[in-house]
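Trainee: Before I ask anything, let me first share the structure, which is written out below as structure tokens.
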Amino acid sequence: MSQGGRERPDETGEATDPPHQQARWYAGEQYEPLLSEKGSESVAVDSSLPDDLTRDELDLPTLAEPEVARHYTRLSQMNYGIDSGPIPLGSCTMKYNPSFTEDVAAHPGTRVHPLRADEDKQGVLHLLYELQETLATIGGMDAVTLQPPAGAAGEFTGIQVAKAYHEENGDDRSEVIVPESAHGTNFASAAMAGYDVVELPSNEDGRVEVDALEAAVSDDTALLMLTNPNTLGLFERSIEDIADIVHDVGGLLYYDGANLNSLLGKARPGDMGFDIMHFNLHKTFATPHGGGGPGQGPIGVGADLAAFLPTPQVREGDEGYETYDPTHSIGRVHEFVGNWLVLVKAYAYILRHGDEGLENVSETAVLNANYLASQIAYEVPYGPFHHEFVASADADAADVAKAMLDHGVHPPTTKWPEIVDEALMTEPTETESKRRLDDLAAAFNAVAEMDPEALAETPTETTARRIDQAAAARNPRLSWHALDGE
Amino acid sequence: MPYATHSDAERSAMLDAVGVSNPDTLFDIPESVRFDGDYGIDAHSERATRAAVEGILDGSPELTEFLGGGHYDHYIPSVVDHLSLRSEFLTSYTQYQPEITQGFLQALFEFQSLVVELTGLGVANCSMYDRATALGEAALLADRVRASSGETVLVPESLPDRVRSVLDNYTDGPGIGVDTYPTSEGTVDVDALADRVDDEVSLIYAATPNARGVLEPDLDAVGDLADDHDALFCVGSDAVALSVLEPPESYGADIVVGDAGVLGLPTTYGMGLGLFACREDFLRQVPGRLVGAGEDGAGNRAYTLTLQTREQHIRRERATSNICTNQAWLALRAAIHAAWLGPNGLTDLAEECVTGIRDACERIDALDGFTAPVYDGHHFREALIDPDEPANEVVDRCREAGIALRTVEDGGEERLAVCVTDTNREDVDALIDALAAEAEVSAV
């Protein structure tokens with residue numbers, strides 16, 4: 001099982017020469033004290049405001065810059081990012097984030113206030129315009145709004161646009177259809193927009209059951225939300241029939257962009273019959289995920305829906321770029337334009353790659369997934385898959401994930417989609433080298449040979465040993481105020 | 001591909017292992033929907049990419065901004081960039097594997113603690129997108145808590161249209177009504193609100209500082225009104241103002257929303273960091289991510305995302321919110337900024353927000369042709385100003401002097417809005433000169 005000259009843990013899970021060991025040298029009962037435990041003071045608030053408006057005191061940590069620097073440096077050492085190693089989480093597209101985009105985002109020209117007049121923010125509007133047109137081309141869409149601040153916000157925006165379109169047509173529709181294997185946000189976004197969610201079963205190939213879709217659609221159908229390739233990495237081969245079925249009843253087709261990384265240069269949602277789509281700029285276009293965000297979820301729409309997009313939109317006018325309100329706009333989904341710096345970084349990423357580079361991204365992402373799957377001992381029940389695959393662990397997938405941590409890699413998404421038993425949903429992305437993929441395969445395979453008792457003892461090489469999440473949820477302690485005296 | 005990692009030999013070996021000669025054959029896409037065109041995008045070297053993007057960005061002139069209006073600028077110490085850009089933080093994912101992400105989890109726990117201290121409320125999440133979406137989530141939470149139909153949310157008539165529009169989208173699905181209540185002399189008209197509120201109202205919202213920059217003097221009374229009608233009371237504020245203001249919990253706030261990006265986030269075309277805190281009773285109704293403290297297998301304190309059964313990836317259509325990707329990295333930056341300031345630095349910054357606009361208004365009011373501020377009361381960062389001239393002409397002439405101001409529609413009039421913080425306080429002289437020049441011109 002040895003790869004790349006490194007020794008791997010044996011089947012008992014005992015690491016002989018752990019390839020990756022997060023710093024864990026603090027000897028107390030915690031790995032790093034809280035700021036508040038390092039020095040905190042309640043200071044009397046001295047303000048020129050009258051007493052009845054102000055608080056008496058403020059109790060916060062009082063550390064000088066050197067200690068602040070050490071605290072956060074120490075915390076960073078107890079954190080794993082894509083620069084630490086692979087993060088093959090399925091449908092998350094955790095690829096390398098080119099560091100130069102941070103410099104572009106720090107350019108003084110990004111430091112512009114949104115309430116300037118249009119003529120005083122031409123640089124911003126120009127970039128927004130170029131990015132929206134570029135995304136429209138990549139998605140095969142007629143118009144794009146950049147505003148939604150995350151993928152789920154894009155879904156919500158797209159659903160609101162669909163609702164406004166139907167309402168404008170005097171069409172009262174109450175249902176959004178979502179395949180059972182879809183991302184949880186699809187269900188939540190549809191419900192948030194006030195729709196009843198109709199769940200669509202998969203067929204035995206792991207794709208949309210077309211007969212079931214025929215049976216599910218009606219003149220109540222507002223929207224079908226689809227991820228393509230789906231969460232098993234499979235392309236919905238019947239996409240044209242699916243589009244016809246939905247359109248025939250007057251419904252619209254929504255493309256969840258989470259898996260767009262497999263289609264660059266190869267296929268466009270607009271050409272498949274999708275009416276609305278969102279892009280996850282923090283996935284496909286490599287803006288750093290920042291431990292949970294910020295992301296950005298622009299949506300593209302066909303010509304019939306452009307008038308319903310959020311306000312403001314940007315266009316080229318006689319005197320430069322200008323903002324305008326689409327005639328039937330749904331209004332805003334963010335106070336301004338969402339995460340502006342994410343837009344800047346994504347645009348830089350696209351320009352850096354160009355057509356050929358982007359197509360190569362998808363080809364390599366798909367090759368990497370197929371190569372990795374060919375090297376692991378676990379069964380992959382559904383295929384042919386593209387940029388991600390779902391393997392079936394023959395043990396508790398959550399335990400498998402914890403054991404993989406001891407091999408210096410981040411594990412895949414576990415226990416989802418539920419169509420695969422003990423799912424290990426794996427997306428290595430195009431930026432992992434063959435050697436890293438071999439490391440990942442070695443980690444999968446070493447863990448595959450461990451017995452369940454040994455798996456349950458893992459991880460041992462991480463900063464923290466396994467954390468009892470159920471206990472933490474039973475006794476929620478959500479701030480340092482709740483830890484007083486501990 | 002600029003970030004290609006395979007040598008030709010490795011690529012061949014991988015293709016052999018997969019059993020194809022060309023990766024294109026791995027794509028199981030029907031011919032009829034294959035894309036055979038071009039995007040028409042040329043590849044660029046890193047240097048050329050920077051030149052191209054920065055060239056576009058340079059199309060905006062350098063101006064001295066006094067804009068405010070929901071997006072505020074404070075000096076951010078260098079250490080915030082240097083620490084937050086450590087790539088272990090920047091390039092990490094959501095903490096689904098807490099054993100290897102203790103660092104970020106602890107930082108988010110500390111951010112939550114900061115918000116708890118500032119608001120006085122028992123629970124804070126680790127971020128919403130911005131203040132407007134946080135208000136939208138507050139309306140949805142109130143609707144769930146009340147669990148009866150025909151609900152209405154009351155907001156002040158001065159709520160900016162941008163925020164109102166986001167709220168309208170959030171409340172559209174469940175059919176929550178949004179209605180305004182009057183203000184008087186720039187602040188909440190408590191008597192008019194008392195007449196307006198009834199038992200259908202699920203949430204009353206008030207901001208301090210409000211949209212006119214005025215600190216609301218009588219939020220106790222608003223809290224009592226909400227209480228009398230079994231409505232929730234939601235207060236809007238921001239992380240700097242809250243460091244000196246009475247904690248909203250003390251006058252009956254059930255929810256606090258607002259902007260925490262006043263810490264850690266520079267002027268970035270309206271990027272936000274939505275702050276959301278509420279009473280502990282609503283713990284299981286909170287939207288978004290929560291970090292909790294627990295124990296690991298070695299018996300040591302450790303942190304983890306918690307109460308995830310509220311969230312979309314578990315609860316799907318019954319989740320408390322659809323939010324997944326959030327603003328975690330900006331929460332980290334806000335926490336670092338707050339740690340660097342400490343309680344004294346934070347309250348000093350807040351005091352500058354009080355005295356900066358106060359001094360500026362005194363000087364503007366002393367000029368001929370201006371009334372500053374329009375409303376009495378204590379201001380924070382910004383104020384409305386009445387010029388004798390049409391406000392848009394004043395804006396145009398300040399623009400000639402390289403100063404960006406804006407107008408606001410208020411009380412049926414077009415007024416000037418001026419925002420002063422630590423980063424433009426020294427430019428107030430230039431603002432005064434520009435305004436004075438106008439007054440002289442108009443006097444001629």
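Starting from 1 in every chain, residues are counted up; chains themselves are A, B, ... following the order of the structure tokens, and ligands are numbered from 1 as listed.
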Excluding segment 207-223 of chain A and its own-chain neighbours fewer than 5 positions away, which residues fall within 8 Å of it when counting only C-alpha atoms? Please give them as number ranges by chain.
Mentor: A: 159, 162-163, 166, 172-177, 179, 198, 200-202, 230, 234-236, 238, 242, 245-246, 249-254
Trainee: Write out as a PDB file with N, CA and C atoms, in the first residue's frame all residues of segment 305-420 of chain A that backbone DSSP assigns to strand (DSSP E or B).
Mentor:
```pdb
ATOM      1  N   GLN A 313     -29.191  46.196 -13.230  1.00  0.00           N
ATOM      2  CA  GLN A 313     -28.378  45.501 -14.217  1.00  0.00           C
ATOM      3  C   GLN A 313     -27.404  46.520 -14.826  1.00  0.00           C
ATOM      4  N   VAL A 314     -26.404  46.021 -15.514  1.00  0.00           N
ATOM      5  CA  VAL A 314     -25.417  46.913 -16.128  1.00  0.00           C
ATOM      6  C   VAL A 314     -25.458  46.731 -17.645  1.00  0.00           C
ATOM      7  N   ARG A 315     -25.404  47.842 -18.377  1.00  0.00           N
ATOM      8  CA  ARG A 315     -25.326  47.758 -19.846  1.00  0.00           C
ATOM      9  C   ARG A 315     -24.383  48.838 -20.360  1.00  0.00           C
ATOM     10  N   GLU A 316     -24.034  48.705 -21.609  1.00  0.00           N
ATOM     11  CA  GLU A 316     -23.225  49.726 -22.264  1.00  0.00           C
ATOM     12  C   GLU A 316     -24.160  50.803 -22.784  1.00  0.00           C
ATOM     13  N   GLY A 317     -23.939  52.040 -22.372  1.00  0.00           N
ATOM     14  CA  GLY A 317     -24.761  53.151 -22.856  1.00  0.00           C
ATOM     15  C   GLY A 317     -23.935  54.049 -23.757  1.00  0.00           C
ATOM     16  N   GLY A 320     -20.752  55.394 -21.751  1.00  0.00           N
ATOM     17  CA  GLY A 320     -20.068  54.423 -20.901  1.00  0.00           C
ATOM     18  C   GLY A 320     -21.051  53.419 -20.343  1.00  0.00           C
ATOM     19  N   TYR A 321     -20.634  52.776 -19.260  1.00  0.00           N
ATOM     20  CA  TYR A 321     -21.474  51.736 -18.668  1.00  0.00           C
ATOM     21  C   TYR A 321     -22.489  52.372 -17.739  1.00  0.00           C
ATOM     22  N   GLU A 322     -23.669  51.796 -17.712  1.00  0.00           N
ATOM     23  CA  GLU A 322     -24.717  52.395 -16.879  1.00  0.00           C
ATOM     24  C   GLU A 322     -25.554  51.310 -16.222  1.00  0.00           C
ATOM     25  N   THR A 323     -26.125  51.664 -15.079  1.00  0.00           N
ATOM     26  CA  THR A 323     -27.024  50.732 -14.395  1.00  0.00           C
ATOM     27  C   THR A 323     -28.449  51.042 -14.827  1.00  0.00           C
ATOM     28  N   TYR A 324     -29.294  50.013 -14.815  1.00  0.00           N
ATOM     29  CA  TYR A 324     -30.703  50.237 -15.150  1.00  0.00           C
ATOM     30  C   TYR A 324     -31.558  49.198 -14.442  1.00  0.00           C
ATOM     31  N   GLU A 379     -16.225  -0.021  -4.216  1.00  0.00           N
ATOM     32  CA  GLU A 379     -17.054  -0.111  -5.413  1.00  0.00           C
ATOM     33  C   GLU A 379     -17.663   1.265  -5.743  1.00  0.00           C
ATOM     34  N   PHE A 385     -19.257   8.298 -14.873  1.00  0.00           N
ATOM     35  CA  PHE A 385     -19.322   9.560 -14.135  1.00  0.00           C
ATOM     36  C   PHE A 385     -18.339  10.555 -14.738  1.00  0.00           C
ATOM     37  N   PHE A 389     -17.460  11.068  -8.421  1.00  0.00           N
ATOM     38  CA  PHE A 389     -18.050   9.740  -8.365  1.00  0.00           C
ATOM     39  C   PHE A 389     -18.462   9.476  -6.925  1.00  0.00           C
ATOM     40  N   VAL A 390     -19.367   8.513  -6.768  1.00  0.00           N
ATOM     41  CA  VAL A 390     -19.800   8.153  -5.424  1.00  0.00           C
ATOM     42  C   VAL A 390     -19.454   6.688  -5.193  1.00  0.00           C
ATOM     43  N   ALA A 391     -18.497   6.465  -4.296  1.00  0.00           N
ATOM     44  CA  ALA A 391     -18.098   5.106  -3.941  1.00  0.00           C
ATOM     45  C   ALA A 391     -18.936   4.650  -2.749  1.00  0.00           C
ATOM     46  N   SER A 392     -19.028   3.340  -2.602  1.00  0.00           N
ATOM     47  CA  SER A 392     -19.782   2.788  -1.484  1.00  0.00           C
ATOM     48  C   SER A 392     -18.806   2.163  -0.489  1.00  0.00           C
ATOM     49  N   THR A 413     -17.195  13.809   0.773  1.00  0.00           N
ATOM     50  CA  THR A 413     -18.517  13.981   1.376  1.00  0.00           C
ATOM     51  C   THR A 413     -19.060  12.592   1.719  1.00  0.00           C
ATOM     52  N   THR A 414     -19.661  12.466   2.894  1.00  0.00           N
ATOM     53  CA  THR A 414     -20.084  11.128   3.315  1.00  0.00           C
ATOM     54  C   THR A 414     -21.594  11.004   3.454  1.00  0.00           C
TER      55      THR A 414
END
```
Trainee: Atom CA of Arg279 of chain B to atom CA of Cys234 of chain B: how many Å, to one decimal?
Mentor: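 These atoms are spaced 10.8 Å apart.
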Trainee: Atom CA of Ser40 of chain A and atom CA of Gly342 of chain B, how far apart in Å?
Mentor: 8.8 Å
Trainee: Using only C-alpha atoms, can you tell me which of B:Glu295, B:Glu137, B:Asp218, B:Asp81 comes closest to chain A?
Mentor: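 That would be B:Glu295, the residue with the smallest distance to chain A.
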Trainee: Pick out the closest residue to Gly186 of chain B from this set: B:Gly294, B:Gly37, B:Gly411, B:Gly356. Count only C-alpha atoms.
Mentor: B:Gly411
Trainee: Determine which residues of segment 295-380 of chain A receive a DSSP assignment of alpha helix (DSSP H), computed from the backbone, and state them as number ranges by chain.
Mentor: A: 340-375
